[in-house]
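Engineer: Got a structure for you, final-v7.cif, holding mmCIF, N, CA and C atoms.
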data_data
loop_
_atom_site.label_atom_id
_atom_site.label_comp_id
_atom_site.auth_asym_id
_atom_site.auth_seq_id
_atom_site.Cartn_x
_atom_site.Cartn_y
_atom_site.Cartn_z
N MET A 1 3.20 -6.20 15.71
CA MET A 1 2.82 -6.84 14.46
C MET A 1 3.66 -8.09 14.26
N SER A 2 3.07 -9.02 13.57
CA SER A 2 3.80 -10.26 13.33
C SER A 2 4.83 -10.08 12.22
N GLU A 3 5.63 -11.09 12.04
CA GLU A 3 6.71 -11.07 11.08
C GLU A 3 6.23 -10.91 9.64
N ASN A 4 5.04 -11.40 9.33
CA ASN A 4 4.56 -11.36 7.95
C ASN A 4 3.68 -10.14 7.67
N VAL A 5 3.85 -9.06 8.45
CA VAL A 5 3.14 -7.81 8.24
C VAL A 5 4.16 -6.73 7.92
N VAL A 6 3.90 -5.99 6.84
CA VAL A 6 4.78 -4.90 6.43
C VAL A 6 3.94 -3.64 6.32
N VAL A 7 4.43 -2.54 6.84
CA VAL A 7 3.73 -1.26 6.76
C VAL A 7 4.35 -0.44 5.63
N VAL A 8 3.48 0.05 4.75
CA VAL A 8 3.90 0.95 3.68
C VAL A 8 3.50 2.36 4.15
N ASP A 9 4.47 3.16 4.52
CA ASP A 9 4.19 4.50 5.03
C ASP A 9 4.26 5.49 3.87
N ALA A 10 3.10 5.82 3.32
CA ALA A 10 3.02 6.72 2.17
C ALA A 10 2.43 8.07 2.58
N ARG A 11 2.47 8.36 3.88
CA ARG A 11 1.94 9.64 4.36
C ARG A 11 2.75 10.78 3.75
N GLY A 12 2.03 11.80 3.30
CA GLY A 12 2.68 12.95 2.67
C GLY A 12 2.83 12.79 1.17
N SER A 13 2.54 11.63 0.65
CA SER A 13 2.64 11.37 -0.79
C SER A 13 1.26 11.58 -1.42
N PHE A 14 1.23 12.14 -2.61
CA PHE A 14 -0.03 12.41 -3.29
C PHE A 14 -0.24 11.46 -4.46
N CYS A 15 -1.49 11.28 -4.85
CA CYS A 15 -1.90 10.37 -5.91
C CYS A 15 -1.01 10.57 -7.14
N PRO A 16 -0.50 9.53 -7.71
CA PRO A 16 -0.69 8.11 -7.43
C PRO A 16 0.39 7.53 -6.52
N GLY A 17 1.09 8.38 -5.79
CA GLY A 17 2.23 7.94 -4.97
C GLY A 17 1.95 6.78 -4.03
N PRO A 18 0.89 6.86 -3.20
CA PRO A 18 0.64 5.75 -2.28
C PRO A 18 0.42 4.41 -3.00
N LEU A 19 -0.31 4.44 -4.08
CA LEU A 19 -0.55 3.21 -4.85
C LEU A 19 0.76 2.70 -5.44
N MET A 20 1.58 3.58 -5.96
CA MET A 20 2.84 3.16 -6.56
C MET A 20 3.78 2.59 -5.50
N GLU A 21 3.77 3.17 -4.30
CA GLU A 21 4.59 2.63 -3.21
C GLU A 21 4.11 1.24 -2.81
N LEU A 22 2.79 1.06 -2.79
CA LEU A 22 2.22 -0.26 -2.48
C LEU A 22 2.63 -1.28 -3.54
N ILE A 23 2.50 -0.94 -4.79
CA ILE A 23 2.86 -1.85 -5.88
C ILE A 23 4.34 -2.23 -5.79
N SER A 24 5.18 -1.25 -5.53
CA SER A 24 6.62 -1.52 -5.39
C SER A 24 6.89 -2.49 -4.25
N LYS A 25 6.20 -2.28 -3.13
CA LYS A 25 6.41 -3.15 -1.97
C LYS A 25 5.90 -4.56 -2.23
N ILE A 26 4.76 -4.67 -2.93
CA ILE A 26 4.20 -5.99 -3.25
C ILE A 26 5.24 -6.83 -4.00
N LYS A 27 5.98 -6.18 -4.89
CA LYS A 27 6.97 -6.89 -5.69
C LYS A 27 8.18 -7.35 -4.89
N SER A 28 8.36 -6.80 -3.68
CA SER A 28 9.59 -7.09 -2.93
C SER A 28 9.38 -7.94 -1.67
N VAL A 29 8.14 -8.35 -1.40
CA VAL A 29 7.88 -9.14 -0.19
C VAL A 29 7.40 -10.53 -0.58
N PRO A 30 7.57 -11.51 0.29
CA PRO A 30 7.13 -12.87 -0.02
C PRO A 30 5.61 -12.98 -0.09
N VAL A 31 5.15 -13.93 -0.88
CA VAL A 31 3.71 -14.22 -0.96
C VAL A 31 3.20 -14.54 0.44
N GLY A 32 2.04 -14.01 0.76
CA GLY A 32 1.45 -14.25 2.07
C GLY A 32 1.70 -13.11 3.06
N THR A 33 2.54 -12.16 2.66
CA THR A 33 2.81 -11.02 3.53
C THR A 33 1.59 -10.11 3.55
N GLU A 34 1.23 -9.64 4.73
CA GLU A 34 0.12 -8.70 4.89
C GLU A 34 0.68 -7.29 4.85
N LEU A 35 0.11 -6.47 3.98
CA LEU A 35 0.59 -5.10 3.83
C LEU A 35 -0.43 -4.12 4.42
N HIS A 36 0.07 -3.17 5.21
CA HIS A 36 -0.76 -2.10 5.76
C HIS A 36 -0.28 -0.81 5.15
N VAL A 37 -1.18 -0.02 4.58
CA VAL A 37 -0.81 1.24 3.94
C VAL A 37 -1.26 2.41 4.82
N LEU A 38 -0.31 3.28 5.12
CA LEU A 38 -0.61 4.53 5.82
C LEU A 38 -0.55 5.64 4.78
N SER A 39 -1.63 6.40 4.64
CA SER A 39 -1.67 7.44 3.62
C SER A 39 -2.48 8.63 4.11
N THR A 40 -2.01 9.82 3.79
CA THR A 40 -2.76 11.04 4.08
C THR A 40 -3.53 11.51 2.85
N ASP A 41 -3.33 10.86 1.72
CA ASP A 41 -4.03 11.20 0.49
C ASP A 41 -5.43 10.58 0.53
N LYS A 42 -6.47 11.41 0.56
CA LYS A 42 -7.84 10.91 0.71
C LYS A 42 -8.25 9.99 -0.43
N GLY A 43 -7.71 10.17 -1.61
CA GLY A 43 -8.05 9.33 -2.74
C GLY A 43 -7.59 7.89 -2.59
N SER A 44 -6.60 7.66 -1.74
CA SER A 44 -6.08 6.31 -1.54
C SER A 44 -7.13 5.35 -1.01
N ALA A 45 -8.04 5.87 -0.18
CA ALA A 45 -9.08 5.02 0.40
C ALA A 45 -9.98 4.42 -0.68
N LYS A 46 -10.06 5.09 -1.82
CA LYS A 46 -10.86 4.59 -2.94
C LYS A 46 -9.99 3.93 -4.00
N ASP A 47 -8.85 4.53 -4.29
CA ASP A 47 -7.98 4.06 -5.37
C ASP A 47 -7.36 2.69 -5.09
N ILE A 48 -6.85 2.50 -3.89
CA ILE A 48 -6.16 1.25 -3.57
C ILE A 48 -7.11 0.05 -3.60
N PRO A 49 -8.28 0.12 -2.93
CA PRO A 49 -9.22 -1.02 -3.03
C PRO A 49 -9.66 -1.29 -4.48
N ALA A 50 -9.85 -0.23 -5.28
CA ALA A 50 -10.24 -0.42 -6.68
C ALA A 50 -9.14 -1.14 -7.45
N TRP A 51 -7.89 -0.78 -7.21
CA TRP A 51 -6.77 -1.44 -7.89
C TRP A 51 -6.67 -2.90 -7.46
N ILE A 52 -6.86 -3.16 -6.18
CA ILE A 52 -6.77 -4.54 -5.66
C ILE A 52 -7.85 -5.42 -6.30
N LYS A 53 -9.04 -4.88 -6.52
CA LYS A 53 -10.13 -5.66 -7.12
C LYS A 53 -9.80 -6.07 -8.57
N LYS A 54 -8.97 -5.26 -9.25
CA LYS A 54 -8.58 -5.60 -10.62
C LYS A 54 -7.68 -6.78 -10.56
#
Using structure tokens, write down the structure that the file contains.
Structural biologist:
Amino acid sequence: MSENVVVVDARGSFCPGPLMELISKIKSVPVGTELHVLSTDKGSAKDIPAWIKK
């Protein structure tokens, strides 16, 4: 992965944990950073895109 990619490993965390971990990471990385979220919580596949659209 390139330098401007950060992985948020939220595996094992349950709703709303993965989203909260993503939000926390967004606040700590430079603008333009690409974030990849790893999650075992099935709701994340729906919750995270919905939050991003807001």
Engineer: Any chance you could resolve the PyMOL selection byres ((chain A and resi 28-43) around 6.5) against this file and give the residues as a list in words?
Structural biologist: Asn4, Val5, Val6, Val7, Val8, Asp9, Ala10, Arg11, Gly12, Ser13, Phe14, Cys15, Ile23, Ser24, Lys25, Ile26, Lys27, Ser44, Ala45, Lys46, Asp47 and Ile48 of chain A
Engineer: For the strand (DSSP E or B) assignment from backbone DSSP, which residues of chain A qualify? Please present them as a compact mmCIF listing (two decimals) with N, CA and C atoms, in the frame of the given file.
Structural biologist:
# COMPACT_ATOMS: atom_id res chain seq x y z
N VAL A 5 3.85 -9.06 8.45
CA VAL A 5 3.14 -7.81 8.24
C VAL A 5 4.16 -6.73 7.92
N VAL A 6 3.90 -5.99 6.84
CA VAL A 6 4.78 -4.90 6.43
C VAL A 6 3.94 -3.64 6.32
N VAL A 7 4.43 -2.54 6.84
CA VAL A 7 3.73 -1.26 6.76
C VAL A 7 4.35 -0.44 5.63
N VAL A 8 3.48 0.05 4.75
CA VAL A 8 3.90 0.95 3.68
C VAL A 8 3.50 2.36 4.15
N ASP A 9 4.47 3.16 4.52
CA ASP A 9 4.19 4.50 5.03
C ASP A 9 4.26 5.49 3.87
N GLU A 34 1.23 -9.64 4.73
CA GLU A 34 0.12 -8.70 4.89
C GLU A 34 0.68 -7.29 4.85
N LEU A 35 0.11 -6.47 3.98
CA LEU A 35 0.59 -5.10 3.83
C LEU A 35 -0.43 -4.12 4.42
N HIS A 36 0.07 -3.17 5.21
CA HIS A 36 -0.76 -2.10 5.76
C HIS A 36 -0.28 -0.81 5.15
N VAL A 37 -1.18 -0.02 4.58
CA VAL A 37 -0.81 1.24 3.94
C VAL A 37 -1.26 2.41 4.82
N LEU A 38 -0.31 3.28 5.12
CA LEU A 38 -0.61 4.53 5.82
C LEU A 38 -0.55 5.64 4.78
Engineer: Return as a PDB file with N, CA and C atoms, in the coordinates of the input the full set of residues in chain A whose backbone-based DSSP assignment is alpha helix (DSSP H).
Structural biologist:
ATOM      1  N   GLY A  17       1.090   8.380  -5.790  1.00  0.00           N
ATOM      2  CA  GLY A  17       2.230   7.940  -4.970  1.00  0.00           C
ATOM      3  C   GLY A  17       1.950   6.780  -4.030  1.00  0.00           C
ATOM      4  N   PRO A  18       0.890   6.860  -3.200  1.00  0.00           N
ATOM      5  CA  PRO A  18       0.640   5.750  -2.280  1.00  0.00           C
ATOM      6  C   PRO A  18       0.420   4.410  -3.000  1.00  0.00           C
ATOM      7  N   LEU A  19      -0.310   4.440  -4.080  1.00  0.00           N
ATOM      8  CA  LEU A  19      -0.550   3.210  -4.850  1.00  0.00           C
ATOM      9  C   LEU A  19       0.760   2.700  -5.440  1.00  0.00           C
ATOM     10  N   MET A  20       1.580   3.580  -5.960  1.00  0.00           N
ATOM     11  CA  MET A  20       2.840   3.160  -6.560  1.00  0.00           C
ATOM     12  C   MET A  20       3.780   2.590  -5.500  1.00  0.00           C
ATOM     13  N   GLU A  21       3.770   3.170  -4.300  1.00  0.00           N
ATOM     14  CA  GLU A  21       4.590   2.630  -3.210  1.00  0.00           C
ATOM     15  C   GLU A  21       4.110   1.240  -2.810  1.00  0.00           C
ATOM     16  N   LEU A  22       2.790   1.060  -2.790  1.00  0.00           N
ATOM     17  CA  LEU A  22       2.220  -0.260  -2.480  1.00  0.00           C
ATOM     18  C   LEU A  22       2.630  -1.280  -3.540  1.00  0.00           C
ATOM     19  N   ILE A  23       2.500  -0.940  -4.790  1.00  0.00           N
ATOM     20  CA  ILE A  23       2.860  -1.850  -5.880  1.00  0.00           C
ATOM     21  C   ILE A  23       4.340  -2.230  -5.790  1.00  0.00           C
ATOM     22  N   SER A  24       5.180  -1.250  -5.530  1.00  0.00           N
ATOM     23  CA  SER A  24       6.620  -1.520  -5.390  1.00  0.00           C
ATOM     24  C   SER A  24       6.890  -2.490  -4.250  1.00  0.00           C
ATOM     25  N   LYS A  25       6.200  -2.280  -3.130  1.00  0.00           N
ATOM     26  CA  LYS A  25       6.410  -3.150  -1.970  1.00  0.00           C
ATOM     27  C   LYS A  25       5.900  -4.560  -2.230  1.00  0.00           C
ATOM     28  N   ILE A  26       4.760  -4.670  -2.930  1.00  0.00           N
ATOM     29  CA  ILE A  26       4.200  -5.990  -3.250  1.00  0.00           C
ATOM     30  C   ILE A  26       5.240  -6.830  -4.000  1.00  0.00           C
ATOM     31  N   SER A  44      -6.600   7.660  -1.740  1.00  0.00           N
ATOM     32  CA  SER A  44      -6.080   6.310  -1.540  1.00  0.00           C
ATOM     33  C   SER A  44      -7.130   5.350  -1.010  1.00  0.00           C
ATOM     34  N   ALA A  45      -8.040   5.870  -0.180  1.00  0.00           N
ATOM     35  CA  ALA A  45      -9.080   5.020   0.400  1.00  0.00           C
ATOM     36  C   ALA A  45      -9.980   4.420  -0.680  1.00  0.00           C
ATOM     37  N   LYS A  46     -10.060   5.090  -1.820  1.00  0.00           N
ATOM     38  CA  LYS A  46     -10.860   4.590  -2.940  1.00  0.00           C
ATOM     39  C   LYS A  46      -9.990   3.930  -4.000  1.00  0.00           C
ATOM     40  N   ASP A  47      -8.850   4.530  -4.290  1.00  0.00           N
ATOM     41  CA  ASP A  47      -7.980   4.060  -5.370  1.00  0.00           C
ATOM     42  C   ASP A  47      -7.360   2.690  -5.090  1.00  0.00           C
ATOM     43  N   ILE A  48      -6.850   2.500  -3.890  1.00  0.00           N
ATOM     44  CA  ILE A  48      -6.160   1.250  -3.570  1.00  0.00           C
ATOM     45  C   ILE A  48      -7.110   0.050  -3.600  1.00  0.00           C
ATOM     46  N   PRO A  49      -8.280   0.120  -2.930  1.00  0.00           N
ATOM     47  CA  PRO A  49      -9.220  -1.020  -3.030  1.00  0.00           C
ATOM     48  C   PRO A  49      -9.660  -1.290  -4.480  1.00  0.00           C
ATOM     49  N   ALA A  50      -9.850  -0.230  -5.280  1.00  0.00           N
ATOM     50  CA  ALA A  50     -10.240  -0.420  -6.680  1.00  0.00           C
ATOM     51  C   ALA A  50      -9.140  -1.140  -7.450  1.00  0.00           C
ATOM     52  N   TRP A  51      -7.890  -0.780  -7.210  1.00  0.00           N
ATOM     53  CA  TRP A  51      -6.770  -1.440  -7.890  1.00  0.00           C
ATOM     54  C   TRP A  51      -6.670  -2.900  -7.460  1.00  0.00           C
ATOM     55  N   ILE A  52      -6.860  -3.160  -6.180  1.00  0.00           N
ATOM     56  CA  ILE A  52      -6.770  -4.540  -5.660  1.00  0.00           C
ATOM     57  C   ILE A  52      -7.850  -5.420  -6.300  1.00  0.00           C
ATOM     58  N   LYS A  53      -9.040  -4.880  -6.520  1.00  0.00           N
ATOM     59  CA  LYS A  53     -10.130  -5.660  -7.120  1.00  0.00           C
ATOM     60  C   LYS A  53      -9.800  -6.070  -8.570  1.00  0.00           C
TER      61      LYS A  53
END
Engineer: Find the distance between CA of Lys54 in chain A and CA of Met20 in chain A and write it in Å to one decimal.
Structural biologist: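 Atom-to-atom, CA of Lys54 in chain A to CA of Met20 in chain A, that is 15.0 Å.
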Engineer: Would you work out the distance separating atom C of Glu3 in chain A from atom N of Glu21 in chain A, expressed in Å to one decimal?
Structural biologist: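 Interatomic distance, atom C of Glu3 in chain A to atom N of Glu21 in chain A: 20.0 Å.
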Engineer: I'd like the interatomic distance between atom C of Lys53 in chain A and atom C of Leu22 in chain A, to a tenth of an Å.
Structural biologist: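 Separation of atom C of Lys53 in chain A and atom C of Leu22 in chain A: 14.2 Å.
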